[in-house]
>>> print(open('final.cif').read())   # mmCIF, C-alpha atoms
data_final
loop_
_atom_site.label_atom_id
_atom_site.label_comp_id
_atom_site.auth_asym_id
_atom_site.auth_seq_id
_atom_site.Cartn_x
_atom_site.Cartn_y
_atom_site.Cartn_z
CA MET A 259 0.00 0.00 0.00
CA ILE A 260 1.16 3.52 -0.76
CA THR A 261 -0.08 6.30 1.51
CA PHE A 262 0.76 9.96 1.33
CA ARG A 263 -0.75 13.21 2.59
CA LEU A 264 -1.03 16.52 0.82
CA PHE A 265 -1.79 19.87 2.41
CA GLY A 266 -3.02 22.86 0.46
CA CYS A 267 -4.27 26.37 0.98
CA CYS A 268 -7.90 25.22 1.28
CA LEU A 269 -7.36 23.94 4.85
CA ALA A 270 -8.06 20.39 3.70
CA SER A 271 -5.89 17.31 3.96
CA VAL A 272 -5.95 14.36 1.59
CA THR A 273 -4.93 10.75 2.07
CA LEU A 274 -4.67 8.44 -0.94
CA SER A 275 -4.32 4.69 -0.44
CA LEU A 276 -3.58 2.26 -3.25
CA ALA A 277 -3.58 -1.51 -2.82
CA ALA A 278 -2.96 -4.39 -5.15
CA THR A 279 -6.41 -5.78 -4.37
CA GLY A 280 -9.64 -4.23 -3.17
CA PRO A 281 -10.82 -0.78 -4.24
CA ASP A 282 -9.22 1.07 -7.13
CA TYR A 283 -8.53 3.91 -4.72
CA VAL A 284 -9.65 5.39 -1.40
CA GLU A 285 -9.24 9.08 -0.64
CA THR A 286 -10.00 10.91 2.58
CA HIS A 287 -10.62 14.63 2.73
CA ASP A 288 -10.83 16.65 5.95
CA THR A 289 -12.52 19.98 5.31
CA LEU A 290 -13.92 22.80 7.40
CA TYR A 291 -17.34 21.12 7.31
CA ASN A 292 -16.87 17.38 6.74
CA ASN A 293 -14.64 14.35 7.01
CA LEU A 294 -15.10 12.72 3.63
CA THR A 295 -14.14 9.42 2.04
CA VAL A 296 -14.21 8.77 -1.70
CA GLU A 297 -13.87 5.16 -2.79
CA LYS A 298 -13.90 3.72 -6.30
CA ARG A 299 -14.48 0.05 -7.06
CA GLY A 300 -14.73 -0.69 -10.74
CA THR A 301 -17.20 1.80 -12.19
CA VAL A 302 -18.85 2.67 -8.86
CA VAL A 303 -17.72 5.71 -6.86
CA GLU A 304 -18.99 6.29 -3.32
CA LEU A 305 -18.89 9.49 -1.29
CA ARG A 306 -19.13 8.91 2.47
CA ALA A 307 -19.06 11.24 5.46
CA ARG A 308 -17.38 10.23 8.69
CA SER A 309 -18.53 11.06 12.21
CA ARG A 310 -18.12 9.69 15.74
CA ALA A 311 -20.82 7.11 14.98
CA GLY A 312 -19.09 5.81 11.85
CA GLU A 313 -19.39 6.47 8.13
CA TYR A 314 -22.57 7.46 6.31
CA LEU A 315 -23.06 6.95 2.59
CA GLU A 316 -23.75 10.39 1.19
CA SER A 317 -23.90 9.54 -2.48
CA ALA A 318 -22.79 7.05 -5.11
CA VAL A 319 -22.66 6.86 -8.88
CA ASP A 320 -22.06 4.11 -11.39
CA LEU A 321 -19.91 5.84 -13.98
CA ALA A 322 -20.92 3.21 -16.54
CA ASP A 323 -24.63 3.82 -15.89
CA PRO A 324 -25.11 7.31 -14.38
CA LEU A 325 -28.92 7.01 -14.45
CA ARG A 326 -28.81 4.05 -12.07
CA LEU A 327 -29.81 5.31 -8.62
CA MET A 328 -27.30 3.78 -6.21
CA VAL A 329 -28.66 5.22 -2.94
CA PRO A 330 -32.21 3.94 -2.31
CA TYR A 331 -33.72 7.02 -0.66
CA THR A 332 -32.88 9.21 -3.67
CA ARG A 333 -35.52 7.24 -5.56
CA THR A 334 -38.04 8.04 -2.80
CA LEU A 335 -37.37 11.77 -3.22
CA PHE A 336 -39.22 11.52 -6.54
CA ALA A 337 -42.47 11.04 -4.57
CA ALA A 338 -42.72 14.81 -4.98
CA ALA A 339 -43.91 14.12 -8.54
CA PHE A 340 -47.13 12.59 -7.16
CA PHE A 341 -48.12 16.07 -5.97
CA SER A 342 -46.42 18.28 -8.55
CA SER A 343 -45.94 16.28 -11.70
CA ALA A 344 -44.37 18.87 -14.00
CA PRO A 345 -41.87 20.96 -12.02
CA GLN A 346 -40.03 23.66 -13.90
CA ASN A 347 -38.01 25.29 -11.12
CA VAL A 348 -36.56 23.12 -8.35
CA LEU A 349 -34.24 23.95 -5.46
CA MET A 350 -32.18 21.22 -3.78
CA ILE A 351 -30.22 22.00 -0.62
CA GLY A 352 -27.39 19.49 -0.53
CA LEU A 353 -25.49 18.23 -3.58
CA GLY A 354 -23.57 15.09 -2.65
CA GLY A 355 -22.51 13.25 -5.78
CA ALA A 356 -25.57 14.47 -7.72
CA GLY A 357 -27.07 11.02 -8.28
CA PHE A 358 -30.59 12.46 -7.99
CA HIS A 359 -29.73 15.18 -10.47
CA ARG A 360 -28.97 12.83 -13.33
CA VAL A 361 -32.34 11.08 -13.17
CA PHE A 362 -34.14 14.39 -12.64
CA GLY A 363 -32.56 15.82 -15.78
CA HIS A 364 -33.56 12.70 -17.73
CA ALA A 365 -37.17 12.80 -16.51
CA PHE A 366 -37.66 16.58 -16.61
CA PRO A 367 -35.40 17.81 -19.44
CA THR A 368 -36.96 21.28 -19.64
CA ALA A 369 -36.78 21.94 -15.89
CA ARG A 370 -34.10 23.83 -13.96
CA LEU A 371 -32.57 22.26 -10.85
CA GLN A 372 -30.70 24.73 -8.66
CA SER A 373 -28.44 23.11 -6.05
CA VAL A 374 -26.91 24.67 -2.96
CA GLU A 375 -23.89 23.04 -1.33
CA LEU A 376 -22.09 24.36 1.73
CA ASP A 377 -18.81 22.47 1.31
CA PRO A 378 -16.74 23.44 -1.76
CA LYS A 379 -14.86 20.15 -1.49
CA VAL A 380 -18.11 18.19 -1.98
CA PHE A 381 -18.79 20.24 -5.10
CA GLU A 382 -15.25 19.61 -6.34
CA LEU A 383 -15.46 15.85 -5.73
CA SER A 384 -18.83 15.60 -7.46
CA ARG A 385 -17.17 17.01 -10.58
CA THR A 386 -13.72 15.42 -10.47
CA LYS A 387 -14.59 11.98 -9.07
CA MET A 388 -18.30 11.46 -9.78
CA ALA A 389 -18.56 12.99 -13.28
CA PHE A 390 -21.17 15.63 -12.43
CA ALA A 391 -21.12 18.53 -14.87
CA PRO A 392 -23.06 21.66 -13.84
CA THR A 393 -25.01 23.35 -16.63
CA GLU A 394 -27.32 26.33 -17.04
CA LYS A 395 -30.19 24.03 -16.11
CA MET A 396 -28.26 22.52 -13.20
CA PRO A 397 -26.34 25.36 -11.54
CA VAL A 398 -24.69 25.00 -8.13
CA ALA A 399 -24.29 27.73 -5.52
CA VAL A 400 -21.61 27.10 -2.89
CA MET A 401 -23.05 28.63 0.27
CA ASP A 402 -25.25 27.91 3.28
CA GLY A 403 -28.69 26.64 2.27
CA ARG A 404 -30.66 28.80 4.68
CA LEU A 405 -28.82 31.91 3.60
CA PHE A 406 -29.61 31.06 -0.03
CA VAL A 407 -33.33 30.67 0.73
CA LYS A 408 -33.34 33.96 2.61
CA ARG A 409 -31.60 35.92 -0.15
CA ASN A 410 -33.09 34.27 -3.24
CA ARG A 411 -36.51 35.55 -4.26
CA GLU A 412 -37.41 32.89 -6.83
CA THR A 413 -40.48 30.67 -6.59
CA TRP A 414 -39.90 26.92 -6.50
CA ASP A 415 -42.11 24.03 -7.60
CA TRP A 416 -40.13 21.59 -5.45
CA LEU A 417 -37.84 22.56 -2.59
CA ILE A 418 -35.78 19.56 -1.47
CA LEU A 419 -33.79 19.49 1.77
CA ASP A 420 -31.10 16.78 1.75
CA ALA A 421 -28.19 18.47 3.51
CA PHE A 422 -26.58 15.89 5.76
CA ARG A 423 -23.30 16.33 7.61
CA GLY A 424 -22.07 13.00 8.91
CA GLY A 425 -25.52 11.58 9.49
CA PHE A 426 -27.44 14.63 10.70
CA VAL A 427 -28.90 17.79 9.22
CA PRO A 428 -27.42 21.04 10.61
CA PRO A 429 -29.76 22.37 13.34
CA HIS A 430 -30.52 25.69 11.66
CA LEU A 431 -32.07 23.73 8.76
CA LYS A 432 -34.48 21.94 11.11
CA THR A 433 -36.45 24.77 12.68
CA GLU A 434 -39.95 26.15 12.32
CA GLU A 435 -38.55 29.50 11.24
CA PHE A 436 -36.55 27.94 8.43
CA TYR A 437 -39.50 25.85 7.24
CA ARG A 438 -41.60 29.02 7.10
CA GLU A 439 -38.91 30.64 4.97
CA CYS A 440 -39.08 27.62 2.65
CA ALA A 441 -42.89 27.73 2.48
CA ALA A 442 -42.72 31.39 1.49
CA ARG A 443 -40.54 30.47 -1.49
CA LEU A 444 -42.83 27.69 -2.74
CA GLY A 445 -45.39 28.22 -5.47
CA GLU A 446 -49.04 27.85 -4.48
CA ARG A 447 -48.94 24.18 -5.49
CA GLY A 448 -45.31 23.67 -4.61
CA VAL A 449 -43.94 20.74 -2.59
CA PHE A 450 -41.43 20.82 0.26
CA VAL A 451 -39.45 17.56 0.44
CA THR A 452 -37.10 16.50 3.20
CA ASN A 453 -35.16 13.36 4.10
CA LEU A 454 -35.70 12.18 7.70
CA HIS A 455 -34.31 9.32 9.80
CA GLN A 456 -36.89 7.50 11.91
CA ASP A 457 -34.71 5.53 14.35
CA THR A 458 -33.89 8.34 16.80
CA GLY A 459 -35.75 10.74 19.06
CA LEU A 460 -35.29 13.46 16.45
CA PHE A 461 -37.91 11.91 14.18
CA ALA A 462 -40.90 12.94 16.33
CA ALA A 463 -39.57 16.49 16.65
CA ASP A 464 -39.04 16.66 12.88
CA LEU A 465 -42.64 15.63 12.24
CA ARG A 466 -44.08 18.02 14.82
CA THR A 467 -42.06 20.92 13.41
CA ILE A 468 -42.95 20.27 9.77
CA LYS A 469 -46.62 19.90 10.69
CA ALA A 470 -46.49 23.24 12.52
CA VAL A 471 -45.82 24.93 9.18
CA PHE A 472 -47.42 22.74 6.52
CA PRO A 473 -51.09 21.70 6.88
CA GLN A 474 -50.63 18.56 4.79
CA VAL A 475 -47.67 16.19 5.22
CA VAL A 476 -47.39 12.81 3.48
CA LEU A 477 -44.67 10.30 4.37
CA PHE A 478 -42.87 7.69 2.27
CA GLU A 479 -40.60 5.13 3.91
CA THR A 480 -37.67 3.88 1.87
CA THR A 481 -37.95 0.11 2.14
CA SER A 482 -35.66 -1.40 4.81
CA ARG A 483 -33.44 1.70 5.00
CA GLY A 484 -34.75 3.81 7.88
CA ASN A 485 -35.17 6.86 5.67
CA VAL A 486 -38.54 8.60 5.60
CA ILE A 487 -39.20 11.20 2.92
CA ALA A 488 -41.72 13.86 3.94
CA CYS A 489 -43.64 15.68 1.22
CA ALA A 490 -45.42 18.75 2.56
CA VAL A 491 -47.63 21.39 0.96
CA LYS A 492 -48.96 24.72 2.22
CA TYR A 493 -52.53 24.29 0.96
CA ARG A 494 -55.41 22.45 2.63
CA SER A 495 -57.34 21.62 -0.51
CA PRO A 496 -57.23 19.44 -2.49
CA ASP A 497 -56.50 16.62 -0.06
CA ILE A 498 -53.23 14.84 -0.89
CA GLY A 499 -53.70 12.08 1.65
CA GLY A 500 -55.06 9.42 -0.70
CA THR A 501 -53.22 6.65 -2.51
CA PRO A 502 -50.81 8.21 -5.03
CA ASP A 503 -51.96 7.76 -8.63
CA TRP A 504 -48.74 6.25 -9.91
CA ALA A 505 -50.35 5.02 -13.15
CA ALA A 506 -51.37 8.54 -14.17
CA LEU A 507 -47.85 9.80 -13.48
CA ALA A 508 -46.38 6.94 -15.52
CA ARG A 509 -48.59 7.88 -18.48
CA THR A 510 -47.65 11.56 -18.37
CA ASN A 511 -43.94 10.97 -17.76
CA PRO A 512 -42.76 7.69 -19.29
CA ALA A 513 -39.12 8.80 -18.95
CA LEU A 514 -39.52 8.95 -15.18
CA ALA A 515 -41.41 5.64 -15.12
CA ALA A 516 -38.56 4.02 -17.04
CA LYS A 517 -36.11 4.83 -14.24
CA ILE A 518 -38.33 4.73 -11.15
CA ASP A 519 -40.73 1.92 -10.21
CA LEU A 520 -43.62 4.28 -9.52
CA ALA A 521 -45.95 1.51 -8.31
CA ALA A 522 -43.37 0.47 -5.71
CA LEU A 523 -42.81 4.10 -4.77
CA ALA A 524 -46.54 4.59 -4.17
CA ARG A 525 -46.54 1.55 -1.89
CA GLU A 526 -43.88 3.19 0.29
CA ARG A 527 -46.46 5.68 1.56
CA ILE A 528 -47.04 5.31 5.31
CA ALA A 529 -49.52 6.87 7.71
CA PHE A 530 -48.54 10.05 9.52
CA PRO A 531 -47.90 9.03 13.17
CA ALA A 532 -49.88 11.78 14.86
CA LYS A 533 -49.51 10.30 18.35
CA LEU A 534 -45.74 10.10 18.01
CA ALA A 535 -45.48 13.66 16.72
CA ALA A 536 -47.65 14.91 19.59
CA THR A 537 -45.02 13.75 22.09
CA ALA A 538 -42.36 16.12 20.74
CA ARG A 539 -41.63 19.83 20.93
CA VAL A 540 -41.43 22.06 17.89
CA LEU A 541 -37.83 22.84 16.97
CA THR A 542 -37.17 26.58 16.76
CA ASP A 543 -34.17 28.82 16.33
CA ASP A 544 -34.15 29.19 20.13
CA PHE A 545 -34.76 25.47 20.82
CA SER A 546 -33.09 23.08 18.40
CA PRO A 547 -31.34 20.20 20.24
CA VAL A 548 -30.85 18.30 16.99
CA GLU A 549 -27.62 16.46 17.84
CA PHE A 550 -28.91 15.47 21.29
CA LEU A 551 -32.19 14.09 19.90
CA ASP A 552 -30.40 12.39 17.03
CA ALA A 553 -28.25 10.50 19.54
CA LEU A 554 -31.29 9.12 21.38
CA LYS A 555 -32.33 5.83 19.88
CA THR A 556 -36.04 5.16 20.01
CA ASN A 557 -37.95 1.97 20.66
CA ASN A 558 -41.07 3.28 18.99
CA THR A 559 -42.59 1.01 16.39
CA LYS A 560 -42.38 2.13 12.82
CA PRO A 561 -45.29 4.41 11.85
CA HIS A 562 -47.14 2.12 9.46
#
>>> encode(input="final.cif", output="structure tokens")
Amino acid sequence: MITFRLFGCCLASVTLSLAATGPDYVETHDTLYNNLTVEKRGTVVELRARSRAGEYLESAVDLADPLRLMVPYTRTLFAAAFFSSAPQNVLMIGLGGAGFHRVFGHAFPTARLQSVELDPKVFELSRTKMAFAPTEKMPVAVMDGRLFVKRNRETWDWLILDAFRGGFVPPHLKTEEFYRECAARLGERGVFVTNLHQDTGLFAADLRTIKAVFPQVVLFETTSRGNVIACAVKYRSPDIGGTPDWAALARTNPALAAKIDLAALARERIAFPAKLAATARVLTDDFSPVEFLDALKTNNTKPH
């Protein structure tokens, strides 16, 4: 094995390990915001974030088949299409390796997907290691997601929050005040989408906080993964609580149906656990114990 470290002006360190067998390469990158690992095996490149609890898979891409979704919950994010089937302007907070972006561009070729990524190293790795190429229809802003929402005055059809740092979302992106800022930027029939984890005490607080802002919240559980995708809207009518009409979506968007099993996606819908949410406090800018709650494992049954 050959190991060496490089230090540059960006306050990041890099370790590159090469072995005769195993992965093609493994790189580690310590930045101001993350501890990252990039690993390539054959045509598959993974981007992982390290924390005290271990490593979390942030993103992955098969360079031989970029439209193959490697991380299961990214498929569930497309549940937004059940409620807004023809988005033209979408904001995604959190870039990762841009696996979602490739399928989105395939399914919605006329739409614009604006990404916001806090860590410039993540943006760099998505381009240099994971073959993501920003375009006019897929621009990337390197800055804090909440600051972008506050400063940007555009209206969004989908607003997706998927900004994880080593397994948790930064606390200032979890509060009632931030969700209200997001709701203000949505179109009248826009959809707010966020990725939640249901195996800690944070889940109940997440649900209570989202419900404090959005009158309708529908949940989809990524099969066997612990991820729950919440789709929330700011209108009360029409009711979005019924069974998603996946067949209608498949007819209107065959390109999406070719890459996403929409029938299976519709079956991932789960009931909103009102009793569980009622046990939690709303997270606010003055009360947001995200890391503490995320560390508390829960014995609650899954909210089916």
>>> resolve_selection(input="final.cif", expression="the PyMOL selection byres ((chain A and resi 530) around 8)", output="count of residues only")
8
>>> atom_distance(input="final.cif", atom1="atom CA of Ala322 of chain A", atom2="atom CA of Gly300 of chain A")
9.3 Å
>>> resolve_selection(input="final.cif", expression="the PyMOL selection byres ((chain A and resi 302) around 12)", output="compact mmCIF listing (two decimals) with C-alpha atoms, in the frame of the given file")
# COMPACT_ATOMS: atom_id res chain seq x y z
CA PRO A 281 -10.82 -0.78 -4.24
CA ASP A 282 -9.22 1.07 -7.13
CA TYR A 283 -8.53 3.91 -4.72
CA VAL A 296 -14.21 8.77 -1.70
CA GLU A 297 -13.87 5.16 -2.79
CA LYS A 298 -13.90 3.72 -6.30
CA ARG A 299 -14.48 0.05 -7.06
CA GLY A 300 -14.73 -0.69 -10.74
CA THR A 301 -17.20 1.80 -12.19
CA VAL A 303 -17.72 5.71 -6.86
CA GLU A 304 -18.99 6.29 -3.32
CA LEU A 305 -18.89 9.49 -1.29
CA SER A 317 -23.90 9.54 -2.48
CA ALA A 318 -22.79 7.05 -5.11
CA VAL A 319 -22.66 6.86 -8.88
CA ASP A 320 -22.06 4.11 -11.39
CA LEU A 321 -19.91 5.84 -13.98
CA ALA A 322 -20.92 3.21 -16.54
CA ASP A 323 -24.63 3.82 -15.89
CA PRO A 324 -25.11 7.31 -14.38
CA ARG A 326 -28.81 4.05 -12.07
CA LEU A 327 -29.81 5.31 -8.62
CA MET A 328 -27.30 3.78 -6.21
CA VAL A 329 -28.66 5.22 -2.94
CA GLY A 355 -22.51 13.25 -5.78
CA GLY A 357 -27.07 11.02 -8.28
CA LYS A 387 -14.59 11.98 -9.07
CA MET A 388 -18.30 11.46 -9.78
CA ALA A 389 -18.56 12.99 -13.28
>>> atom_distance(input="final.cif", atom1="atom CA of Glu446 of chain A", atom2="atom CA of Ala462 of chain A")
26.9 Å
>>> atom_distance(input="final.cif", atom1="atom CA of Lys432 of chain A", atom2="atom CA of Ser343 of chain A")
26.1 Å
>>> residues_around(input="final.cif", residues="Arg409 of chain A", least_positions_apart="6", cutoff="12 Å", atoms="only C-alpha atoms", output="ChimeraX atom specification")
/A:401-403,439-440,443
